[in-house]
Amino acid sequence: MTHPPKSSAAPPQAGPALPAVPPQPGPPVPAPAGPPPAPRRTAFAEGAERLRAAATTEPGRLRVIGAVLALLVVAFGAVTAWQTSERAAAADDVLHRSQPLSSGAAGIYRSLADANTAASSGFLAGGQESAASRDRYEKDIRAAAGGLVTAAANAEPGSSSEATIARLNRLLPEYKGLIERARTYNRQGYPVGGAYLRYANEKMQQEMLPAAEDLYTKENQRLDADYADATPYPWAAIALGVLALAALGWAQHRTYRRTNRVLNHGLVAGTAATTVVLLWLVIGHAVARTELNGSYDHGIRSLKVLHDARIASLKARGNENLSLVARGAETVTVGGQTYDAYYYDFDKDMNVLGRGLTEAAGLADDQAGTKPVAAARGNMAVWKRLHATARGEDENGNYQQALDLVIGGKGATGECFDSVDSNLARAIDHEQTEFRQAAGSGLDAMTGLTLGAAVLAVLGAAGAVAGIGRRLSEYR
């Protein structure tokens, strides 16, 4: 057996060994992509999801309907109770707080003005000042002081009314001191007594009466604000009541369509309770609003006019007396002509009195209100005629005859003034009674509405829930 010849070539020689190259770092290989983790849902989202899931079934829908009905009826009752409570409180303030305080402020003004008039009448009488005149002055001062105490007790702390009352309390003793000095010098026959009386009158006319008028104005503003709070319609409560009734009606109609049952006792009870509250709210507030508006139109407006007229008559009487005290010492120039200041003011006050009596006669709505106003107008006409005669006597130098016509007994202007004042007092008492009756009726119309609305709303909501619960029981 022959073998192939072996190659004579030498095997290849291995070359020098190369150093090992370490692997170079490359970009990281991304992990296989997967779905992102689901975001964590909030409790609200989960609740909404469960609610949507529940609403897809009839029991779930019934539960939602029951909750909505109960919420609407309770909300209607709550808003009704809130709004009627505010209006009833404002009506109560009108009747028992702001109107009495307004009349009290007018009483303070009248007492101060009448005290000034009584003081000047007593001064004219000189040493023969009557006990009645002195007692009238003291009674007026006590009435003004008592009125200020009442006003201070009811004033808002830190209010401008409180500051006005404090000012009047400071001025009242000063005025009394001036009057006593005037009386003392007058009894001794010193002419300086007249100067003290004029100074006291100036303090009354320029400081005290304007402050009392400011207090009267502020109390009237408070009264108007209480009327504004008591009379607006409770639209929010009415709207919620209509919405609750519509929802209850829709729920009953839905039940009828699905079950062919005409009545659901629970829903009917809820509807009845809601209807009662809504009708009570609408009718009760309409009656209250009508009565309160009537108490303002036929009570407050007349009282304001009558108080102003009475104040004008008091100021006129004071100026008439002071014209004889000053005897031309005080003058005023108007349109280039010079007039006795007190006679000039008397004419202005009588014009105000005349306009006030005319307006009061137009506002009076019955014989009891018209009669005293007509009597006061007749007294005023006689007063003006007698005053003109007294003024003529005074201008002709017949001082004693003028004095007798002013502060004398029967047939003097003082008698006419007293008749005007007493007739105006009768008219004010009548209008005050009419106000109380109308405002009281308005307040009575809202009595019990707040509590009744809350109780009936709870019963209505319970009825609605019970009616829906009756339907739910059919699925168990």
# chains A, B, ... in the order shown; residues from 1 in each chain; ligands from 1
>>> residues_around(residues="region 130-141 of chain A", least_positions_apart="4", cutoff="10 Å", atoms="only C-alpha atoms", output="PyMOL selection string")
chain A and resi 107-108+110-123+125-126+145-147+172-173+176
>>> residues_around(residues="region 316-328 of chain A", least_positions_apart="6", cutoff="7 Å", atoms="only C-alpha atoms", output="ChimeraX atom specification")
/A:116-117,120-121,124,194,340,342-343,345-346,349-350,417
>>> write_last_selection(atoms="C-alpha atoms", output="PDB file, in the first residue's frame")
ATOM      1  CA  ASN A 116     -88.901 126.500  75.341  1.00  0.00           C
ATOM      2  CA  THR A 117     -92.387 127.786  74.592  1.00  0.00           C
ATOM      3  CA  SER A 120     -90.990 132.147  77.171  1.00  0.00           C
ATOM      4  CA  SER A 121     -94.676 132.278  78.209  1.00  0.00           C
ATOM      5  CA  LEU A 124     -93.797 137.208  79.587  1.00  0.00           C
ATOM      6  CA  GLY A 194     -84.475 138.999  78.568  1.00  0.00           C
ATOM      7  CA  ASP A 340     -88.457 141.397  63.145  1.00  0.00           C
ATOM      8  CA  TYR A 342     -89.208 136.315  65.436  1.00  0.00           C
ATOM      9  CA  TYR A 343     -92.205 137.554  63.465  1.00  0.00           C
ATOM     10  CA  ASP A 345     -89.818 132.977  61.647  1.00  0.00           C
ATOM     11  CA  PHE A 346     -93.393 132.805  62.946  1.00  0.00           C
ATOM     12  CA  ASP A 349     -93.506 128.152  60.752  1.00  0.00           C
ATOM     13  CA  MET A 350     -97.193 128.820  60.163  1.00  0.00           C
ATOM     14  CA  PHE A 417    -102.115 127.072  70.023  1.00  0.00           C
TER      15      PHE A 417
END
>>> residues_around(residues="Leu95 (chain A)", least_positions_apart="2", cutoff="7 Å", atoms="only C-alpha atoms", output="list in words")
Ala91, Asp92, Asp93, Arg97, Gln99, Arg436, Ala439 and Gly440 of chain A
>>> closest_residue(among="A:Ala374, A:Ala412, A:Ala143, A:Leu472", to="Ala388 (chain A)", atoms="only C-alpha atoms")
A:Ala412
>>> select_by_dssp(residues="region 76-289 of chain A", states="alpha helix (DSSP H)", output="NGL selection string")
:A and (76-93 or 99-125 or 131-154 or 160-187 or 192-203 or 209-230 or 235-259 or 265-289)
>>> closest_residue(among="A:Thr271, A:Ala228, A:Ala237, A:Asn264", to="Gly469 (chain A)", atoms="only C-alpha atoms")
A:Asn264
>>> residues_around(residues="region 355-372 of chain A", least_positions_apart="3", cutoff="8 Å", atoms="only C-alpha atoms", output="MDAnalysis selection string")
chainID A and resid 298 301:302 305:306 308:309 351:352 375:377 423:424 426:427 430:431
>>> residues_around(residues="Tyr196 (chain A)", least_positions_apart="4", cutoff="9 Å", atoms="only C-alpha atoms", output="list in words")
Leu178, Ile179, Arg181, Ala182, Arg183, Tyr185, Val192, Ala200 and Asn201 of chain A
>>> residues_around(residues="region 72-85 of chain A", least_positions_apart="6", cutoff="6 Å", atoms="only C-alpha atoms", output="ChimeraX atom specification")
/A:237,240-241,244,450,453-454,457,461
>>> write_last_selection(atoms="all heavy atoms", output="PDB file, in the first residue's frame")
ATOM      1  N   ALA A 237     -86.675  80.959  48.276  1.00  0.00           N
ATOM      2  CA  ALA A 237     -87.501  79.896  48.843  1.00  0.00           C
ATOM      3  C   ALA A 237     -88.615  79.495  47.876  1.00  0.00           C
ATOM      4  O   ALA A 237     -88.906  78.300  47.711  1.00  0.00           O
ATOM      5  CB  ALA A 237     -88.091  80.358  50.172  1.00  0.00           C
ATOM      6  N   LEU A 240     -87.141  77.342  45.056  1.00  0.00           N
ATOM      7  CA  LEU A 240     -86.830  75.988  45.524  1.00  0.00           C
ATOM      8  C   LEU A 240     -88.102  75.181  45.737  1.00  0.00           C
ATOM      9  O   LEU A 240     -88.140  73.974  45.461  1.00  0.00           O
ATOM     10  CB  LEU A 240     -86.027  76.055  46.818  1.00  0.00           C
ATOM     11  CG  LEU A 240     -84.511  76.146  46.668  1.00  0.00           C
ATOM     12  CD1 LEU A 240     -83.857  76.358  48.033  1.00  0.00           C
ATOM     13  CD2 LEU A 240     -83.951  74.891  46.010  1.00  0.00           C
ATOM     14  N   GLY A 241     -89.153  75.813  46.233  1.00  0.00           N
ATOM     15  CA  GLY A 241     -90.410  75.102  46.424  1.00  0.00           C
ATOM     16  C   GLY A 241     -91.003  74.629  45.113  1.00  0.00           C
ATOM     17  O   GLY A 241     -91.478  73.485  45.007  1.00  0.00           O
ATOM     18  N   ALA A 244     -88.872  71.725  43.903  1.00  0.00           N
ATOM     19  CA  ALA A 244     -89.135  70.492  44.653  1.00  0.00           C
ATOM     20  C   ALA A 244     -90.464  69.876  44.235  1.00  0.00           C
ATOM     21  O   ALA A 244     -90.558  68.638  44.069  1.00  0.00           O
ATOM     22  CB  ALA A 244     -89.145  70.791  46.155  1.00  0.00           C
ATOM     23  N   THR A 450     -91.877  79.977  60.198  1.00  0.00           N
ATOM     24  CA  THR A 450     -90.500  79.471  60.240  1.00  0.00           C
ATOM     25  C   THR A 450     -90.447  78.042  60.773  1.00  0.00           C
ATOM     26  O   THR A 450     -89.879  77.143  60.141  1.00  0.00           O
ATOM     27  CB  THR A 450     -89.634  80.392  61.114  1.00  0.00           C
ATOM     28  OG1 THR A 450     -89.629  81.706  60.536  1.00  0.00           O
ATOM     29  CG2 THR A 450     -88.207  79.873  61.193  1.00  0.00           C
ATOM     30  N   ALA A 453     -92.523  75.542  58.498  1.00  0.00           N
ATOM     31  CA  ALA A 453     -91.834  75.174  57.258  1.00  0.00           C
ATOM     32  C   ALA A 453     -90.761  74.130  57.521  1.00  0.00           C
ATOM     33  O   ALA A 453     -90.606  73.169  56.750  1.00  0.00           O
ATOM     34  CB  ALA A 453     -91.218  76.416  56.620  1.00  0.00           C
ATOM     35  N   ALA A 454     -90.016  74.292  58.610  1.00  0.00           N
ATOM     36  CA  ALA A 454     -88.957  73.321  58.922  1.00  0.00           C
ATOM     37  C   ALA A 454     -89.539  71.943  59.217  1.00  0.00           C
ATOM     38  O   ALA A 454     -89.054  70.917  58.710  1.00  0.00           O
ATOM     39  CB  ALA A 454     -88.144  73.826  60.109  1.00  0.00           C
ATOM     40  N   ALA A 457     -91.114  70.357  56.069  1.00  0.00           N
ATOM     41  CA  ALA A 457     -90.078  69.957  55.115  1.00  0.00           C
ATOM     42  C   ALA A 457     -89.447  68.634  55.519  1.00  0.00           C
ATOM     43  O   ALA A 457     -89.193  67.758  54.675  1.00  0.00           O
ATOM     44  CB  ALA A 457     -89.014  71.043  55.014  1.00  0.00           C
ATOM     45  N   ALA A 461     -89.671  65.313  53.260  1.00  0.00           N
ATOM     46  CA  ALA A 461     -88.497  64.547  52.848  1.00  0.00           C
ATOM     47  C   ALA A 461     -88.618  63.093  53.290  1.00  0.00           C
ATOM     48  O   ALA A 461     -88.288  62.156  52.536  1.00  0.00           O
ATOM     49  CB  ALA A 461     -87.231  65.178  53.428  1.00  0.00           C
TER      50      ALA A 461
END
>>> residues_around(residues="Glu291 (chain A)", least_positions_apart="6", cutoff="7 Å", atoms="only C-alpha atoms", output="PDB file with N, CA, C and O atoms, in the first residue's frame")
ATOM      1  N   ALA A 438    -102.186  97.449  61.788  1.00  0.00           N
ATOM      2  CA  ALA A 438    -101.744  96.935  60.491  1.00  0.00           C
ATOM      3  C   ALA A 438    -100.414  96.206  60.603  1.00  0.00           C
ATOM      4  O   ALA A 438    -100.240  95.100  60.073  1.00  0.00           O
ATOM      5  N   ALA A 439     -99.446  96.803  61.319  1.00  0.00           N
ATOM      6  CA  ALA A 439     -98.145  96.153  61.467  1.00  0.00           C
ATOM      7  C   ALA A 439     -98.269  94.866  62.276  1.00  0.00           C
ATOM      8  O   ALA A 439     -97.588  93.871  61.989  1.00  0.00           O
ATOM      9  N   SER A 441    -100.895  92.902  62.322  1.00  0.00           N
ATOM     10  CA  SER A 441    -101.472  91.898  61.419  1.00  0.00           C
ATOM     11  C   SER A 441    -100.415  91.345  60.474  1.00  0.00           C
ATOM     12  O   SER A 441    -100.404  90.147  60.158  1.00  0.00           O
ATOM     13  N   GLY A 442     -99.528  92.215  60.010  1.00  0.00           N
ATOM     14  CA  GLY A 442     -98.447  91.747  59.140  1.00  0.00           C
ATOM     15  C   GLY A 442     -97.526  90.782  59.859  1.00  0.00           C
ATOM     16  O   GLY A 442     -97.105  89.755  59.289  1.00  0.00           O
TER      17      GLY A 442
END
>>> atom_distance(atom1="CA of Thr164 (chain A)", atom2="CA of Asp297 (chain A)")
28.8 Å
>>> atom_distance(atom1="CA of Thr447 (chain A)", atom2="CA of Trp280 (chain A)")
10.9 Å
>>> select_by_dssp(residues="region 181-399 of chain A", states="strand (DSSP E or B)", output="PyMOL selection string")
chain A and resi 331-334+337-340
>>> closest_residue(among="A:Glu330, A:Glu393, A:Glu86, A:Asp214", to="Asp226 (chain A)", atoms="only C-alpha atoms")
A:Glu86
>>> atom_distance(atom1="CA of Tyr109 (chain A)", atom2="CA of Ala341 (chain A)")
22.0 Å
>>> decode(residues="region 179-195 of chain A", atoms="all heavy atoms", output="PDB file, in the first residue's frame")
ATOM      1  N   ILE A 179     -82.277 129.275  81.653  1.00  0.00           N
ATOM      2  CA  ILE A 179     -83.673 129.621  81.919  1.00  0.00           C
ATOM      3  C   ILE A 179     -83.845 130.077  83.370  1.00  0.00           C
ATOM      4  O   ILE A 179     -84.563 131.052  83.662  1.00  0.00           O
ATOM      5  CB  ILE A 179     -84.595 128.419  81.603  1.00  0.00           C
ATOM      6  CG1 ILE A 179     -84.623 128.152  80.087  1.00  0.00           C
ATOM      7  CG2 ILE A 179     -86.003 128.659  82.120  1.00  0.00           C
ATOM      8  CD1 ILE A 179     -85.205 129.275  79.262  1.00  0.00           C
ATOM      9  N   GLU A 180     -83.208 129.385  84.293  1.00  0.00           N
ATOM     10  CA  GLU A 180     -83.339 129.769  85.700  1.00  0.00           C
ATOM     11  C   GLU A 180     -82.742 131.156  85.948  1.00  0.00           C
ATOM     12  O   GLU A 180     -83.285 131.953  86.722  1.00  0.00           O
ATOM     13  CB  GLU A 180     -82.669 128.727  86.598  1.00  0.00           C
ATOM     14  CG  GLU A 180     -83.371 127.373  86.597  1.00  0.00           C
ATOM     15  CD  GLU A 180     -84.852 127.493  86.925  1.00  0.00           C
ATOM     16  OE1 GLU A 180     -85.208 128.286  87.829  1.00  0.00           O
ATOM     17  OE2 GLU A 180     -85.661 126.810  86.272  1.00  0.00           O
ATOM     18  N   ARG A 181     -81.625 131.454  85.310  1.00  0.00           N
ATOM     19  CA  ARG A 181     -81.054 132.798  85.450  1.00  0.00           C
ATOM     20  C   ARG A 181     -82.002 133.845  84.882  1.00  0.00           C
ATOM     21  O   ARG A 181     -82.199 134.927  85.477  1.00  0.00           O
ATOM     22  CB  ARG A 181     -79.714 132.875  84.738  1.00  0.00           C
ATOM     23  CG  ARG A 181     -78.596 132.120  85.443  1.00  0.00           C
ATOM     24  CD  ARG A 181     -77.282 132.384  84.760  1.00  0.00           C
ATOM     25  NE  ARG A 181     -76.189 131.647  85.387  1.00  0.00           N
ATOM     26  CZ  ARG A 181     -74.930 131.736  85.021  1.00  0.00           C
ATOM     27  NH1 ARG A 181     -74.592 132.547  84.014  1.00  0.00           N
ATOM     28  NH2 ARG A 181     -73.993 131.038  85.643  1.00  0.00           N
ATOM     29  N   ALA A 182     -82.584 133.543  83.715  1.00  0.00           N
ATOM     30  CA  ALA A 182     -83.519 134.484  83.103  1.00  0.00           C
ATOM     31  C   ALA A 182     -84.702 134.740  84.032  1.00  0.00           C
ATOM     32  O   ALA A 182     -85.149 135.894  84.204  1.00  0.00           O
ATOM     33  CB  ALA A 182     -83.995 133.938  81.758  1.00  0.00           C
ATOM     34  N   ARG A 183     -85.216 133.701  84.638  1.00  0.00           N
ATOM     35  CA  ARG A 183     -86.358 133.857  85.543  1.00  0.00           C
ATOM     36  C   ARG A 183     -85.968 134.682  86.781  1.00  0.00           C
ATOM     37  O   ARG A 183     -86.735 135.540  87.248  1.00  0.00           O
ATOM     38  CB  ARG A 183     -86.851 132.477  85.977  1.00  0.00           C
ATOM     39  CG  ARG A 183     -87.735 131.798  84.938  1.00  0.00           C
ATOM     40  CD  ARG A 183     -88.124 130.428  85.383  1.00  0.00           C
ATOM     41  NE  ARG A 183     -89.167 129.877  84.519  1.00  0.00           N
ATOM     42  CZ  ARG A 183     -89.410 128.590  84.385  1.00  0.00           C
ATOM     43  NH1 ARG A 183     -88.680 127.718  85.054  1.00  0.00           N
ATOM     44  NH2 ARG A 183     -90.370 128.173  83.588  1.00  0.00           N
ATOM     45  N   THR A 184     -84.802 134.389  87.311  1.00  0.00           N
ATOM     46  CA  THR A 184     -84.358 135.107  88.513  1.00  0.00           C
ATOM     47  C   THR A 184     -84.254 136.602  88.250  1.00  0.00           C
ATOM     48  O   THR A 184     -84.777 137.439  89.012  1.00  0.00           O
ATOM     49  CB  THR A 184     -83.010 134.543  88.986  1.00  0.00           C
ATOM     50  OG1 THR A 184     -83.153 133.153  89.298  1.00  0.00           O
ATOM     51  CG2 THR A 184     -82.521 135.288  90.212  1.00  0.00           C
ATOM     52  N   TYR A 185     -83.574 136.967  87.162  1.00  0.00           N
ATOM     53  CA  TYR A 185     -83.410 138.398  86.854  1.00  0.00           C
ATOM     54  C   TYR A 185     -84.747 139.035  86.489  1.00  0.00           C
ATOM     55  O   TYR A 185     -84.991 140.213  86.778  1.00  0.00           O
ATOM     56  CB  TYR A 185     -82.405 138.571  85.717  1.00  0.00           C
ATOM     57  CG  TYR A 185     -80.973 138.344  86.139  1.00  0.00           C
ATOM     58  CD1 TYR A 185     -80.188 137.376  85.506  1.00  0.00           C
ATOM     59  CD2 TYR A 185     -80.396 139.073  87.165  1.00  0.00           C
ATOM     60  CE1 TYR A 185     -78.869 137.158  85.887  1.00  0.00           C
ATOM     61  CE2 TYR A 185     -79.083 138.867  87.561  1.00  0.00           C
ATOM     62  CZ  TYR A 185     -78.323 137.896  86.913  1.00  0.00           C
ATOM     63  OH  TYR A 185     -77.031 137.680  87.308  1.00  0.00           O
ATOM     64  N   ASN A 186     -85.609 138.237  85.815  1.00  0.00           N
ATOM     65  CA  ASN A 186     -86.905 138.786  85.419  1.00  0.00           C
ATOM     66  C   ASN A 186     -87.765 139.096  86.637  1.00  0.00           C
ATOM     67  O   ASN A 186     -88.453 140.131  86.689  1.00  0.00           O
ATOM     68  CB  ASN A 186     -87.615 137.784  84.508  1.00  0.00           C
ATOM     69  CG  ASN A 186     -88.891 138.357  83.908  1.00  0.00           C
ATOM     70  OD1 ASN A 186     -88.896 139.483  83.408  1.00  0.00           O
ATOM     71  ND2 ASN A 186     -89.970 137.589  83.948  1.00  0.00           N
ATOM     72  N   ARG A 187     -87.739 138.213  87.644  1.00  0.00           N
ATOM     73  CA  ARG A 187     -88.527 138.480  88.859  1.00  0.00           C
ATOM     74  C   ARG A 187     -88.005 139.711  89.599  1.00  0.00           C
ATOM     75  O   ARG A 187     -88.763 140.427  90.263  1.00  0.00           O
ATOM     76  CB  ARG A 187     -88.491 137.252  89.773  1.00  0.00           C
ATOM     77  CG  ARG A 187     -89.373 136.112  89.322  1.00  0.00           C
ATOM     78  CD  ARG A 187     -89.549 135.085  90.435  1.00  0.00           C
ATOM     79  NE  ARG A 187     -88.276 134.454  90.792  1.00  0.00           N
ATOM     80  CZ  ARG A 187     -87.839 133.319  90.250  1.00  0.00           C
ATOM     81  NH1 ARG A 187     -88.561 132.714  89.314  1.00  0.00           N
ATOM     82  NH2 ARG A 187     -86.690 132.806  90.641  1.00  0.00           N
ATOM     83  N   GLN A 188     -86.706 139.978  89.479  1.00  0.00           N
ATOM     84  CA  GLN A 188     -86.114 141.138  90.144  1.00  0.00           C
ATOM     85  C   GLN A 188     -86.248 142.413  89.315  1.00  0.00           C
ATOM     86  O   GLN A 188     -85.843 143.492  89.758  1.00  0.00           O
ATOM     87  CB  GLN A 188     -84.642 140.865  90.438  1.00  0.00           C
ATOM     88  CG  GLN A 188     -84.427 139.738  91.438  1.00  0.00           C
ATOM     89  CD  GLN A 188     -82.972 139.380  91.616  1.00  0.00           C
ATOM     90  OE1 GLN A 188     -82.108 139.952  90.935  1.00  0.00           O
ATOM     91  NE2 GLN A 188     -82.682 138.450  92.508  1.00  0.00           N
ATOM     92  N   GLY A 189     -86.806 142.273  88.096  1.00  0.00           N
ATOM     93  CA  GLY A 189     -87.023 143.436  87.255  1.00  0.00           C
ATOM     94  C   GLY A 189     -85.817 143.886  86.477  1.00  0.00           C
ATOM     95  O   GLY A 189     -85.799 145.009  85.959  1.00  0.00           O
ATOM     96  N   TYR A 190     -84.788 143.027  86.345  1.00  0.00           N
ATOM     97  CA  TYR A 190     -83.597 143.406  85.598  1.00  0.00           C
ATOM     98  C   TYR A 190     -83.774 143.060  84.116  1.00  0.00           C
ATOM     99  O   TYR A 190     -84.127 141.916  83.783  1.00  0.00           O
ATOM    100  CB  TYR A 190     -82.365 142.685  86.137  1.00  0.00           C
ATOM    101  CG  TYR A 190     -81.988 143.067  87.553  1.00  0.00           C
ATOM    102  CD1 TYR A 190     -81.476 142.120  88.426  1.00  0.00           C
ATOM    103  CD2 TYR A 190     -82.138 144.378  88.001  1.00  0.00           C
ATOM    104  CE1 TYR A 190     -81.121 142.471  89.725  1.00  0.00           C
ATOM    105  CE2 TYR A 190     -81.794 144.732  89.292  1.00  0.00           C
ATOM    106  CZ  TYR A 190     -81.297 143.770  90.142  1.00  0.00           C
ATOM    107  OH  TYR A 190     -80.967 144.121  91.424  1.00  0.00           O
ATOM    108  N   PRO A 191     -83.489 143.999  83.217  1.00  0.00           N
ATOM    109  CA  PRO A 191     -83.639 143.727  81.783  1.00  0.00           C
ATOM    110  C   PRO A 191     -82.723 142.621  81.278  1.00  0.00           C
ATOM    111  O   PRO A 191     -82.996 142.022  80.227  1.00  0.00           O
ATOM    112  CB  PRO A 191     -83.292 145.067  81.127  1.00  0.00           C
ATOM    113  CG  PRO A 191     -83.500 146.084  82.197  1.00  0.00           C
ATOM    114  CD  PRO A 191     -83.137 145.404  83.477  1.00  0.00           C
ATOM    115  N   VAL A 192     -81.630 142.336  82.015  1.00  0.00           N
ATOM    116  CA  VAL A 192     -80.712 141.307  81.549  1.00  0.00           C
ATOM    117  C   VAL A 192     -81.389 139.939  81.488  1.00  0.00           C
ATOM    118  O   VAL A 192     -80.919 139.023  80.812  1.00  0.00           O
ATOM    119  CB  VAL A 192     -79.462 141.252  82.463  1.00  0.00           C
ATOM    120  CG1 VAL A 192     -79.793 140.659  83.828  1.00  0.00           C
ATOM    121  CG2 VAL A 192     -78.332 140.468  81.806  1.00  0.00           C
ATOM    122  N   GLY A 193     -82.530 139.800  82.187  1.00  0.00           N
ATOM    123  CA  GLY A 193     -83.263 138.536  82.126  1.00  0.00           C
ATOM    124  C   GLY A 193     -83.689 138.200  80.711  1.00  0.00           C
ATOM    125  O   GLY A 193     -83.647 137.029  80.287  1.00  0.00           O
ATOM    126  N   GLY A 194     -84.090 139.232  79.961  1.00  0.00           N
ATOM    127  CA  GLY A 194     -84.475 138.999  78.568  1.00  0.00           C
ATOM    128  C   GLY A 194     -83.309 138.515  77.731  1.00  0.00           C
ATOM    129  O   GLY A 194     -83.466 137.678  76.828  1.00  0.00           O
ATOM    130  N   ALA A 195     -82.119 139.048  78.014  1.00  0.00           N
ATOM    131  CA  ALA A 195     -80.935 138.605  77.266  1.00  0.00           C
ATOM    132  C   ALA A 195     -80.636 137.129  77.540  1.00  0.00           C
ATOM    133  O   ALA A 195     -80.295 136.369  76.632  1.00  0.00           O
ATOM    134  CB  ALA A 195     -79.738 139.475  77.641  1.00  0.00           C
TER     135      ALA A 195
END
